[in-house]
file input12.tsv (TSV, C-alpha atoms)
chain	number	residue	atom	x	y	z
I	980	MET	CA	11.29	46.52	-21.39
I	981	ALA	CA	10.15	46.31	-17.79
I	982	THR	CA	9.23	42.91	-16.43
I	983	THR	CA	6.81	42.29	-13.67
I	984	THR	CA	7.31	39.73	-10.94
I	985	PRO	CA	4.22	38.03	-9.56
I	986	SER	CA	3.52	39.08	-5.97
I	987	PRO	CA	3.46	36.55	-3.10
I	988	ARG	CA	-0.30	37.01	-2.95
I	989	GLY	CA	-0.51	36.08	-6.59
I	990	ALA	CA	1.70	33.05	-5.94
I	991	ASN	CA	-0.55	31.95	-3.07
I	992	ARG	CA	-3.58	32.20	-5.35
I	993	SER	CA	-1.71	30.19	-7.95
I	994	LEU	CA	-0.84	27.52	-5.36
I	995	ALA	CA	-4.45	27.35	-4.21
I	996	ARG	CA	-5.55	27.05	-7.83
I	997	THR	CA	-3.11	24.22	-8.41
I	998	CYS	CA	-4.31	22.35	-5.33
I	999	ARG	CA	-7.91	22.80	-6.44
I	1000	ARG	CA	-7.04	21.40	-9.88
I	1001	GLY	CA	-5.35	18.45	-8.25
I	1002	ALA	CA	-8.37	17.68	-6.10
I	1003	ILE	CA	-10.72	17.95	-9.09
I	1004	LEU	CA	-8.43	15.62	-11.07
I	1005	LEU	CA	-8.56	12.99	-8.34
I	1006	LEU	CA	-12.31	13.38	-7.93
I	1007	LEU	CA	-12.93	13.06	-11.66
I	1008	SER	CA	-10.75	10.00	-11.99
I	1009	THR	CA	-12.79	8.19	-9.34
I	1010	SER	CA	-16.26	9.56	-10.03
I	1011	ALA	CA	-15.97	8.79	-13.76
I	1012	ALA	CA	-15.76	5.12	-12.93
I	1013	MET	CA	-18.37	4.91	-10.17
I	1014	HIS	CA	-21.83	3.62	-10.90
I	1015	ALA	CA	-24.80	2.52	-8.83
I	1016	GLU	CA	-25.51	-1.17	-8.29
I	1017	THR	CA	-29.22	-1.91	-8.33
I	1018	SER	CA	-29.15	-5.61	-7.34
I	1019	ALA	CA	-27.11	-7.56	-4.79
I	1020	PRO	CA	-24.53	-9.90	-6.33
I	1021	PRO	CA	-24.91	-13.67	-5.77
I	1022	THR	CA	-23.15	-15.11	-2.73
I	1023	VAL	CA	-20.80	-18.07	-2.85
I	1024	GLU	CA	-19.70	-19.61	0.44
I	1025	LEU	CA	-16.28	-20.99	1.19
I	1026	ARG	CA	-15.19	-22.67	4.40
I	1027	LEU	CA	-11.74	-22.81	5.88
I	1028	GLN	CA	-11.22	-25.67	8.31
I	1029	ASN	CA	-7.99	-27.31	9.47
I	1030	HIS	CA	-6.24	-24.84	7.13
I	1031	LEU	CA	-8.04	-26.37	4.12
I	1032	PHE	CA	-10.49	-24.60	1.85
I	1033	GLU	CA	-13.76	-26.42	1.30
I	1034	PRO	CA	-14.65	-26.66	-1.48
I	1035	SER	CA	-11.19	-26.30	-2.96
I	1036	GLU	CA	-12.73	-25.52	-6.34
I	1037	ILE	CA	-15.53	-23.00	-6.83
I	1038	HIS	CA	-17.43	-22.36	-10.02
I	1039	ILE	CA	-18.92	-18.98	-10.84
I	1040	PRO	CA	-20.41	-17.51	-14.00
I	1041	ALA	CA	-18.27	-15.32	-16.21
I	1042	HIS	CA	-18.69	-11.52	-16.25
I	1043	THR	CA	-20.66	-11.58	-13.00
I	1044	LYS	CA	-19.77	-9.88	-9.74
I	1045	VAL	CA	-19.90	-12.35	-6.87
I	1046	ARG	CA	-19.82	-11.97	-3.10
I	1047	LEU	CA	-17.47	-14.56	-1.66
I	1048	LEU	CA	-18.39	-15.30	1.95
I	1049	ILE	CA	-15.51	-17.05	3.69
I	1050	HIS	CA	-16.12	-18.82	6.99
I	1051	ASN	CA	-12.97	-19.39	9.00
I	1052	LEU	CA	-13.91	-22.37	11.16
I	1053	ASP	CA	-10.41	-22.60	12.65
I	1054	SER	CA	-9.64	-20.81	15.90
I	1055	THR	CA	-6.65	-19.00	14.38
I	1056	LEU	CA	-6.71	-16.24	11.81
I	1057	GLU	CA	-5.84	-16.71	8.17
I	1058	GLU	CA	-5.19	-14.32	5.33
I	1059	PHE	CA	-7.17	-15.06	2.18
I	1060	GLU	CA	-5.01	-13.99	-0.74
I	1061	SER	CA	-5.04	-14.27	-4.51
I	1062	TRP	CA	-2.64	-12.67	-6.94
I	1063	ASP	CA	-4.86	-13.74	-9.84
I	1064	LEU	CA	-7.89	-11.98	-8.31
I	1065	ASN	CA	-5.98	-9.07	-6.69
I	1066	ARG	CA	-7.59	-9.84	-3.36
I	1067	LYS	CA	-6.17	-9.98	0.15
I	1068	LYS	CA	-8.07	-10.08	3.44
I	1069	ILE	CA	-7.50	-11.19	7.00
I	1070	ILE	CA	-10.18	-13.48	8.43
I	1071	PHE	CA	-10.14	-13.82	12.20
I	1072	GLY	CA	-10.62	-17.23	13.78
I	1073	ASN	CA	-14.22	-18.40	14.11
I	1074	HIS	CA	-15.25	-15.47	12.00
I	1075	SER	CA	-16.57	-14.82	8.52
I	1076	ALA	CA	-15.47	-12.28	5.97
I	1077	THR	CA	-16.80	-10.94	2.69
I	1078	VAL	CA	-14.72	-10.39	-0.41
I	1079	PHE	CA	-16.24	-9.13	-3.66
I	1080	ILE	CA	-14.78	-10.62	-6.81
I	1081	GLY	CA	-15.48	-10.23	-10.49
I	1082	PRO	CA	-16.75	-9.60	-13.04
I	1083	LEU	CA	-14.17	-12.03	-14.38
I	1084	ALA	CA	-13.37	-13.39	-17.81
I	1085	PRO	CA	-13.51	-17.18	-18.21
I	1086	GLY	CA	-10.51	-18.94	-16.75
I	1087	THR	CA	-9.04	-20.38	-13.59
I	1088	TYR	CA	-7.96	-18.12	-10.74
I	1089	ARG	CA	-5.97	-19.43	-7.81
I	1090	PHE	CA	-6.30	-18.36	-4.19
I	1091	PHE	CA	-4.54	-19.44	-1.02
I	1092	GLY	CA	-4.18	-18.83	2.68
I	1093	GLU	CA	-1.01	-16.79	3.06
I	1094	PHE	CA	-0.28	-18.15	6.54
I	1095	ASN	CA	-0.73	-21.78	5.47
I	1096	PRO	CA	0.23	-21.70	1.79
I	1097	LYS	CA	0.95	-25.41	1.55
I	1098	THR	CA	-2.50	-26.58	2.62
I	1099	ALA	CA	-4.94	-23.70	2.21
I	1100	LEU	CA	-5.18	-23.77	-1.58
I	1101	GLY	CA	-8.11	-23.30	-3.89
I	1102	ARG	CA	-9.22	-22.48	-7.41
I	1103	LEU	CA	-11.97	-20.34	-8.79
I	1104	VAL	CA	-13.21	-21.62	-12.13
I	1105	VAL	CA	-15.05	-18.98	-14.14
I	1106	GLN	CA	-17.20	-20.30	-16.98
P	721	MET	CA	7.28	-23.05	8.18
P	722	LEU	CA	10.73	-21.43	8.31
P	723	ILE	CA	10.70	-20.48	4.63
P	724	ASP	CA	7.08	-19.26	4.82
P	725	SER	CA	8.01	-17.06	7.76
P	726	VAL	CA	11.06	-15.67	5.95
P	727	ILE	CA	8.98	-14.78	2.90
P	728	ILE	CA	6.09	-13.23	4.83
P	729	VAL	CA	8.27	-11.09	7.09
P	730	LEU	CA	10.63	-10.15	4.25
P	731	ARG	CA	7.72	-8.87	2.14
P	732	GLU	CA	6.39	-6.73	4.95
P	733	THR	CA	9.81	-5.46	6.04
P	734	LEU	CA	10.99	-4.54	2.55
P	735	GLU	CA	8.42	-1.79	2.03
P	736	ALA	CA	9.19	-0.08	5.33
P	737	ALA	CA	12.96	-0.51	4.85
P	738	PHE	CA	12.81	0.97	1.35
P	739	LEU	CA	10.86	4.01	2.53
P	740	LEU	CA	13.17	4.50	5.52
P	741	SER	CA	16.30	4.35	3.34
P	742	LEU	CA	14.80	6.86	0.85
P	743	LEU	CA	14.03	9.33	3.62
P	744	LEU	CA	17.39	8.81	5.37
P	745	ALA	CA	19.23	9.50	2.12
P	746	MET	CA	17.17	12.67	1.68
P	747	THR	CA	18.10	13.95	5.13
P	748	HIS	CA	21.77	13.18	4.40
P	749	PHE	CA	21.83	15.23	1.21
P	750	LEU	CA	19.73	18.05	2.66
P	751	GLY	CA	22.22	18.41	5.49
P	752	MET	CA	19.39	18.05	7.95
P	753	THR	CA	19.54	16.72	11.46
P	754	ALA	CA	18.10	13.25	11.09
P	755	PRO	CA	14.47	12.93	12.14
P	756	ARG	CA	13.80	10.84	15.20
P	757	PHE	CA	13.62	7.67	13.16
P	758	ARG	CA	14.34	5.46	16.16
P	759	ALA	CA	11.37	6.98	17.96
P	760	ALA	CA	9.34	6.62	14.75
P	761	VAL	CA	10.19	2.91	14.57
P	762	LEU	CA	9.11	2.42	18.20
P	763	LEU	CA	5.98	4.46	17.60
P	764	GLY	CA	5.29	2.36	14.52
P	765	LEU	CA	5.63	-0.86	16.49
P	766	GLY	CA	3.24	0.48	19.11
P	767	GLY	CA	0.96	1.61	16.32
P	768	ALA	CA	1.03	-1.89	14.84
P	769	LEU	CA	-0.22	-3.34	18.14
P	770	LEU	CA	-2.92	-0.70	18.36
P	771	PHE	CA	-3.90	-1.17	14.72
P	772	ASP	CA	-4.21	-4.93	15.18
P	773	VAL	CA	-6.47	-4.44	18.19
P	774	THR	CA	-8.49	-1.79	16.35
P	775	LEU	CA	-8.91	-4.13	13.40
P	776	HIS	CA	-10.67	-6.64	15.64
P	777	ALA	CA	-13.09	-3.93	16.68
P	778	VAL	CA	-13.78	-2.43	13.25
P	779	PHE	CA	-13.68	-5.62	11.17
P	780	ASP	CA	-17.45	-5.96	10.91
P	781	TRP	CA	-18.22	-2.26	10.43
P	782	PHE	CA	-20.04	-1.07	7.31
P	783	GLY	CA	-21.20	-4.56	6.42
P	784	GLY	CA	-17.90	-6.35	7.04
P	785	ILE	CA	-15.48	-4.04	5.21
P	786	GLY	CA	-13.83	-2.42	8.20
P	787	TYR	CA	-10.55	-4.18	7.36
P	788	GLU	CA	-10.44	-2.65	3.88
P	789	LEU	CA	-11.37	0.82	5.12
P	790	ALA	CA	-8.85	0.84	7.96
P	791	ASN	CA	-6.00	-0.22	5.68
P	792	ALA	CA	-7.02	2.17	2.91
P	793	ILE	CA	-7.07	5.07	5.40
P	794	VAL	CA	-3.54	4.29	6.58
P	795	GLN	CA	-2.30	4.07	2.99
P	796	LEU	CA	-3.91	7.38	2.08
P	797	LEU	CA	-2.40	9.01	5.17
P	798	ILE	CA	1.04	7.83	4.01
P	799	TYR	CA	0.32	9.29	0.57
P	800	CYS	CA	-0.69	12.66	2.09
P	801	ALA	CA	2.52	12.69	4.17
P	802	ILE	CA	4.55	11.97	1.02
P	803	LEU	CA	2.79	14.85	-0.79
P	804	ALA	CA	3.66	17.21	2.07
P	805	ILE	CA	7.29	16.02	2.09
P	806	LEU	CA	7.61	16.60	-1.66
P	807	GLY	CA	6.07	20.04	-1.32
P	808	LEU	CA	8.40	21.09	1.48
P	809	LEU	CA	11.39	19.63	-0.37
P	810	MET	CA	10.57	21.75	-3.41
P	811	ARG	CA	10.50	24.94	-1.33
P	812	GLY	CA	14.24	24.95	-1.90
P	813	ARG	CA	17.43	25.57	0.01
P	814	ARG	CA	16.56	29.16	1.00
P	815	ALA	CA	13.47	28.05	2.84
P	816	ARG	CA	15.25	25.15	4.53
P	817	HIS	CA	15.40	26.86	7.93
P	818	ARG	CA	11.61	27.10	7.89
P	819	THR	CA	10.90	23.68	6.39
P	820	GLN	CA	13.40	21.54	8.31
P	821	THR	CA	11.26	20.99	11.40
P	822	PRO	CA	8.03	20.10	9.58
P	823	LEU	CA	10.04	17.91	7.17
P	824	ARG	CA	11.56	15.97	10.06
P	825	TRP	CA	8.16	15.46	11.66
P	826	LEU	CA	6.55	14.38	8.39
P	827	MET	CA	9.35	11.95	7.61
P	828	ALA	CA	9.11	10.43	11.09
P	829	ALA	CA	5.31	10.18	10.73
P	830	THR	CA	5.64	8.47	7.34
P	831	VAL	CA	8.01	5.87	8.76
P	832	ALA	CA	5.77	5.31	11.80
P	833	LEU	CA	2.70	4.80	9.58
P	834	ALA	CA	4.52	2.40	7.25
P	835	ILE	CA	5.77	0.33	10.20
P	836	THR	CA	2.28	0.40	11.74
P	837	ARG	CA	0.87	-1.14	8.58
P	838	GLU	CA	3.57	-3.71	7.96
P	839	GLY	CA	4.03	-4.50	11.66
P	840	ALA	CA	0.32	-5.24	12.05
P	841	GLU	CA	0.52	-7.82	9.24
P	842	ILE	CA	3.48	-9.52	10.92
P	843	LEU	CA	1.61	-9.55	14.24
P	844	GLN	CA	-1.38	-11.11	12.50
P	845	TYR	CA	0.87	-13.80	11.06
P	846	PHE	CA	2.18	-14.66	14.51
P	847	SER	CA	-1.32	-14.73	15.99
P	848	SER	CA	-2.22	-17.30	13.35
P	849	LEU	CA	0.37	-19.62	14.92
P	850	THR	CA	-1.34	-19.68	18.34
P	851	GLY	CA	-1.41	-23.20	19.62
P	852	GLN	CA	1.22	-24.49	17.20
P	853	THR	CA	4.10	-24.63	19.69
P	854	GLY	CA	6.37	-26.51	17.33
P	855	ALA	CA	5.96	-23.91	14.63
P	856	ILE	CA	6.63	-20.84	16.77
P	857	SER	CA	10.40	-21.31	17.01
P	858	ASP	CA	10.71	-21.86	13.25
P	859	ALA	CA	8.50	-18.83	12.65
P	860	ILE	CA	10.60	-16.63	14.93
P	861	THR	CA	13.82	-17.79	13.28
P	862	GLY	CA	12.31	-17.17	9.87
P	863	ALA	CA	11.07	-13.75	10.98
P	864	VAL	CA	14.53	-12.74	12.18
P	865	ILE	CA	16.06	-13.88	8.89
P	866	GLY	CA	13.35	-12.17	6.84
P	867	ALA	CA	13.64	-8.92	8.78
P	868	GLY	CA	17.42	-9.09	8.54
P	869	VAL	CA	17.33	-9.54	4.77
P	870	GLY	CA	14.75	-6.76	4.43
P	871	PHE	CA	16.70	-4.22	6.44
P	872	SER	CA	19.96	-5.27	4.77
P	873	ALA	CA	18.36	-4.55	1.41
P	874	GLY	CA	17.25	-1.17	2.73
P	875	THR	CA	20.77	-0.42	3.98
P	876	LEU	CA	22.26	-1.43	0.63
P	877	PHE	CA	19.80	0.83	-1.14
P	878	TYR	CA	20.70	3.72	1.21
P	879	TYR	CA	24.40	3.41	0.42
P	880	LEU	CA	23.64	3.06	-3.29
P	881	GLN	CA	21.89	6.42	-3.12
P	882	LEU	CA	24.90	7.96	-1.39
P	883	THR	CA	27.04	7.10	-4.42
P	884	LEU	CA	24.95	9.49	-6.49
P	885	GLY	CA	25.66	13.20	-6.31
P	886	PRO	CA	23.36	15.31	-4.09
P	887	THR	CA	21.24	16.69	-6.93
P	888	ARG	CA	20.79	13.36	-8.67
P	889	ALA	CA	20.16	11.54	-5.39
P	890	LEU	CA	17.50	14.02	-4.26
P	891	ARG	CA	15.83	13.92	-7.64
P	892	THR	CA	15.87	10.10	-7.64
P	893	ALA	CA	14.53	9.99	-4.10
P	894	ALA	CA	11.73	12.42	-4.96
P	895	ILE	CA	10.77	10.33	-8.01
P	896	LEU	CA	10.83	7.09	-6.03
P	897	LEU	CA	8.85	8.69	-3.19
P	898	THR	CA	6.26	9.76	-5.76
P	899	LEU	CA	6.06	6.20	-7.08
P	900	VAL	CA	5.69	4.83	-3.55
P	901	GLY	CA	2.85	7.31	-2.99
P	902	GLY	CA	1.23	6.21	-6.22
P	903	GLY	CA	1.56	2.61	-5.08
P	904	MET	CA	-0.21	3.46	-1.83
P	905	CYS	CA	-3.13	4.99	-3.73
P	906	ALA	CA	-3.29	1.98	-6.06
P	907	GLN	CA	-3.37	-0.43	-3.13
P	908	ALA	CA	-6.03	1.64	-1.38
P	909	THR	CA	-8.09	1.57	-4.58
P	910	LEU	CA	-7.83	-2.22	-4.75
P	911	LEU	CA	-9.06	-2.49	-1.18
P	912	LEU	CA	-12.05	-0.29	-1.93
P	913	ILE	CA	-12.82	-2.39	-5.03
P	914	GLN	CA	-12.60	-5.49	-2.84
P	915	ALA	CA	-15.06	-3.84	-0.46
P	916	ASP	CA	-17.38	-3.00	-3.37
P	917	TRP	CA	-17.06	0.71	-2.64
P	918	LEU	CA	-15.47	1.20	-6.05
P	919	PRO	CA	-16.50	-0.69	-9.19
P	920	ALA	CA	-14.62	-3.75	-10.35
P	921	GLN	CA	-13.59	-3.71	-14.01
P	922	ALA	CA	-11.89	-5.99	-16.49
P	923	PRO	CA	-8.11	-5.59	-16.41
P	924	LEU	CA	-6.57	-3.03	-18.72
P	925	TRP	CA	-3.67	-5.36	-19.45
P	926	ASN	CA	-2.23	-8.63	-18.27
P	927	SER	CA	1.52	-8.59	-17.72
P	928	SER	CA	1.58	-11.81	-15.71
P	929	GLY	CA	3.11	-13.57	-18.71
P	930	TRP	CA	6.40	-11.69	-18.42
P	931	LEU	CA	6.28	-10.41	-14.81
P	932	PRO	CA	3.89	-12.39	-12.60
P	933	GLU	CA	3.03	-10.85	-9.24
P	934	SER	CA	3.93	-14.14	-7.58
P	935	SER	CA	7.53	-13.94	-8.84
P	936	PRO	CA	10.19	-12.48	-6.49
P	937	LEU	CA	10.60	-9.36	-8.69
P	938	GLY	CA	6.82	-9.00	-9.00
P	939	GLN	CA	6.42	-9.18	-5.24
P	940	LEU	CA	9.26	-6.70	-4.75
P	941	LEU	CA	7.69	-4.23	-7.17
P	942	TYR	CA	4.27	-4.74	-5.54
P	943	ALA	CA	5.75	-3.94	-2.14
P	944	LEU	CA	7.65	-0.89	-3.39
P	945	ILE	CA	5.41	0.76	-5.98
P	946	GLY	CA	2.17	-1.23	-5.94
P	947	TYR	CA	2.83	-3.22	-9.13
P	948	GLU	CA	-0.20	-5.15	-10.38
P	949	ALA	CA	-0.05	-7.61	-13.27
P	950	THR	CA	-3.75	-7.16	-14.06
P	951	PRO	CA	-4.73	-3.63	-13.07
P	952	SER	CA	-8.18	-2.30	-13.85
P	953	PRO	CA	-8.58	1.07	-15.64
P	954	LEU	CA	-9.67	2.59	-12.33
P	955	VAL	CA	-6.51	1.45	-10.53
P	956	VAL	CA	-4.34	2.75	-13.37
P	957	GLY	CA	-6.31	6.00	-13.47
P	958	ILE	CA	-5.96	6.63	-9.76
P	959	TRP	CA	-2.27	5.70	-9.85
P	960	LEU	CA	-1.68	8.19	-12.67
P	961	ALA	CA	-3.80	10.85	-10.95
P	962	SER	CA	-1.87	10.42	-7.69
P	963	ILE	CA	1.45	10.79	-9.56
P	964	ALA	CA	0.08	13.84	-11.38
P	965	ILE	CA	-1.06	15.43	-8.11
P	966	ALA	CA	2.36	14.82	-6.57
P	967	LEU	CA	4.00	16.52	-9.57
P	968	LEU	CA	1.54	19.42	-9.41
P	969	VAL	CA	2.23	19.91	-5.70
P	970	ALA	CA	6.00	19.76	-6.27
P	971	LEU	CA	5.88	22.25	-9.17
P	972	ALA	CA	3.51	24.60	-7.38
P	973	CYS	CA	5.69	24.66	-4.26
P	974	ARG	CA	8.81	25.24	-6.35
P	975	ARG	CA	7.14	28.17	-8.14
P	976	HIS	CA	5.84	29.53	-4.85
P	977	ALA	CA	9.37	29.39	-3.43
P	978	ALA	CA	10.83	31.10	-6.50
P	979	VAL	CA	8.29	33.93	-6.27
P	980	ASN	CA	8.87	34.45	-2.54
P	981	THR	CA	12.61	34.57	-3.18
P	982	THR	CA	12.34	37.29	-5.84
P	983	ALA	CA	9.54	39.33	-4.23
P	984	PRO	CA	10.67	42.64	-2.74
call {"tool": "encode", "arguments": {"input": "input12.tsv", "output": "structure tokens"}}
result
Amino acid sequence: MATTTPSPRGANRSLARTCRRGAILLLLSTSAAMHAETSAPPTVELRLQNHLFEPSEIHIPAHTKVRLLIHNLDSTLEEFESWDLNRKKIIFGNHSATVFIGPLAPGTYRFFGEFNPKTALGRLVVQ
Amino acid sequence: MLIDSVIIVLRETLEAAFLLSLLLAMTHFLGMTAPRFRAAVLLGLGGALLFDVTLHAVFDWFGGIGYELANAIVQLLIYCAILAILGLLMRGRRARHRTQTPLRWLMAATVALAITREGAEILQYFSSLTGQTGAISDAITGAVIGAGVGFSAGTLFYYLQLTLGPTRALRTAAILLTLVGGGMCAQATLLLIQADWLPAQAPLWNSSGWLPESSPLGQLLYALIGYEATPSPLVVGIWLASIAIALLVALACRRHAAVNTTAP
């Protein structure tokens, strides 16, 4: 029985088809989860001064997205980081930065300044 | 200060060293002339300076999420380079004369991008020490130690790969490269969630009980493959999709190569 070998043109079409499928797969995986926000989340402010977070303990409601506005009042930059919250962001000196957190289940989540981990420590209490 | 510096620089160096050792092992087993990795390292260091400067300029863009966007773009560029490397690798031995040059360029570009990203973070750490004259010397010592440990680990990993046979080593390297690419996409997704460009969700699981991210192994796995103890469904979905795309690209290129080989 004779067998047919796909032509290079056919292989190119197959490659293009595969790439298209891959792009659709990536698009679907992101677009399936995206939704429109109709209202701005509440803002909680946090100050960083002398490599200390003030307040060192923040309270936010459970299951609510919150905009954390961090004011770095020091002249040097700091990196706000939290393994519990999966957040990491550089904040330049005398600058402010926004980090969105939540919605979170009730509990305590720690955060710290990566460049001053002994002093820049804080907790987010979700109730 | 010394220990903090060691840890910070080690974390940043480990990712670049791991990627570099993977790619070096690949070139060894492919019998390729090594890409200009030295030039790539220098380019990466220059890129780190440029990236740090650019970050200052773009930080407040799009409502204060320029940092997240800039980092996510670099991570996605690394992922695209990894996809292209995997695709060219799968074209097979017969196409090597055509794929060697683009492979070398892509590998060098991947290393340069990784060093740009990690180097910028180290630069930012040092800028945070401005004015603390007493701390600078400890930080530099710690940085040298951290970088030394990081590159030593990369070297050890390179020689470990050489103990495998060529086929097994290339297969292992391709799998690990795919996982690194997946990690890049996962980290980019987290940044976009942080920027509120992608929705935040409750975690799919919580493995911090047996492997916390803060542990040395957790941090190592985060640096290498983007391990998260509490990943959201979106992060897991995008990680899986990025792995799937890498596999699709590899299989498609292998099939394409097989067809071109047998075509009259």
call {"tool": "residues_around", "arguments": {"input": "input12.tsv", "residues": "region 759-773 of chain P", "least_positions_apart": "4", "cutoff": "9 Å", "atoms": "all atoms listed in the file", "output": "list in words"}}
result
Pro755, Ala777, Ala790, Met827, Ala828, Ala829, Thr830, Val831, Ala832, Leu833, Ala834, Ile835, Thr836, Arg837, Glu838, Gly839, Ala840, Glu841, Ile842, Leu843 and Gln844 of chain P
call {"tool": "write_last_selection", "arguments": {"input": "input12.tsv", "atoms": "C-alpha atoms", "output": "CSV table (one decimal), in the frame of the given file"}}
result
chain,number,residue,atom,x,y,z
P,755,PRO,CA,14.5,12.9,12.1
P,777,ALA,CA,-13.1,-3.9,16.7
P,790,ALA,CA,-8.8,0.8,8.0
P,827,MET,CA,9.4,12.0,7.6
P,828,ALA,CA,9.1,10.4,11.1
P,829,ALA,CA,5.3,10.2,10.7
P,830,THR,CA,5.6,8.5,7.3
P,831,VAL,CA,8.0,5.9,8.8
P,832,ALA,CA,5.8,5.3,11.8
P,833,LEU,CA,2.7,4.8,9.6
P,834,ALA,CA,4.5,2.4,7.2
P,835,ILE,CA,5.8,0.3,10.2
P,836,THR,CA,2.3,0.4,11.7
P,837,ARG,CA,0.9,-1.1,8.6
P,838,GLU,CA,3.6,-3.7,8.0
P,839,GLY,CA,4.0,-4.5,11.7
P,840,ALA,CA,0.3,-5.2,12.0
P,841,GLU,CA,0.5,-7.8,9.2
P,842,ILE,CA,3.5,-9.5,10.9
P,843,LEU,CA,1.6,-9.6,14.2
P,844,GLN,CA,-1.4,-11.1,12.5
call {"tool": "interface_residues", "arguments": {"input": "input12.tsv", "of": "chain P", "to": "chain I", "cutoff": "8 Å", "atoms": "only C-alpha atoms", "output": "NGL selection string"}}
result
:P and (724 or 776 or 784-785 or 787-788 or 844-845 or 847-850 or 910-911 or 913-916 or 918-922 or 933-934 or 948 or 950 or 954 or 957-958 or 961-962 or 964-965 or 968-969 or 972-973 or 975-976 or 979-980 or 982-983)
call {"tool": "atom_distance", "arguments": {"input": "input12.tsv", "atom1": "CA of Leu730 (chain P)", "atom2": "CA of Ala804 (chain P)"}}
result
28.3 Å
call {"tool": "atom_distance", "arguments": {"input": "input12.tsv", "atom1": "CA of Ala978 (chain P)", "atom2": "CA of Pro822 (chain P)"}}
result
19.7 Å
call {"tool": "residues_around", "arguments": {"input": "input12.tsv", "residues": "Ile860 (chain P)", "least_positions_apart": "3", "cutoff": "9 Å", "atoms": "all atoms listed in the file", "output": "list in words"}}
result
Leu722, Ser725, Phe846, Ala855, Ile856, Ser857, Ala863, Val864 and Ile865 of chain P
call {"tool": "atom_distance", "arguments": {"input": "input12.tsv", "atom1": "CA of Phe871 (chain P)", "atom2": "CA of Thr753 (chain P)"}}
result
21.7 Å
call {"tool": "closest_residue", "arguments": {"input": "input12.tsv", "among": "I:Pro1040, I:His1030, I:Ser1035, I:Val1045", "to": "Ser1018 (chain I)", "atoms": "only C-alpha atoms"}}
result
I:Val1045
call {"tool": "residues_around", "arguments": {"input": "input12.tsv", "residues": "Trp925 (chain P)", "least_positions_apart": "4", "cutoff": "8 Å", "atoms": "only C-alpha atoms", "output": "list in words"}}
result
Ala949, Thr950, Pro951 and Ser952 of chain P
call {"tool": "residues_around", "arguments": {"input": "input12.tsv", "residues": "Leu806 (chain P)", "least_positions_apart": "4", "cutoff": "10 Å", "atoms": "all atoms listed in the file", "output": "ChimeraX atom specification"}}
result
/P:800-802,810-811,823,893-895,897-898,966-967,969-971,973-974
call {"tool": "closest_residue", "arguments": {"input": "input12.tsv", "among": "I:Gln1106, I:Glu1033, I:Gln1028, I:Tyr1088", "to": "Asn1051 (chain I)", "atoms": "only C-alpha atoms"}}
result
I:Gln1028
call {"tool": "closest_residue", "arguments": {"input": "input12.tsv", "among": "P:Tyr942, P:Ser927, P:Cys905, P:Ala873", "to": "Val956 (chain P)", "atoms": "only C-alpha atoms"}}
result
P:Cys905
call {"tool": "closest_residue", "arguments": {"input": "input12.tsv", "among": "P:Ser741, P:Tyr947, P:Arg756, P:Leu912", "to": "Ser928 (chain P)", "atoms": "all atoms listed in the file"}}
result
P:Tyr947
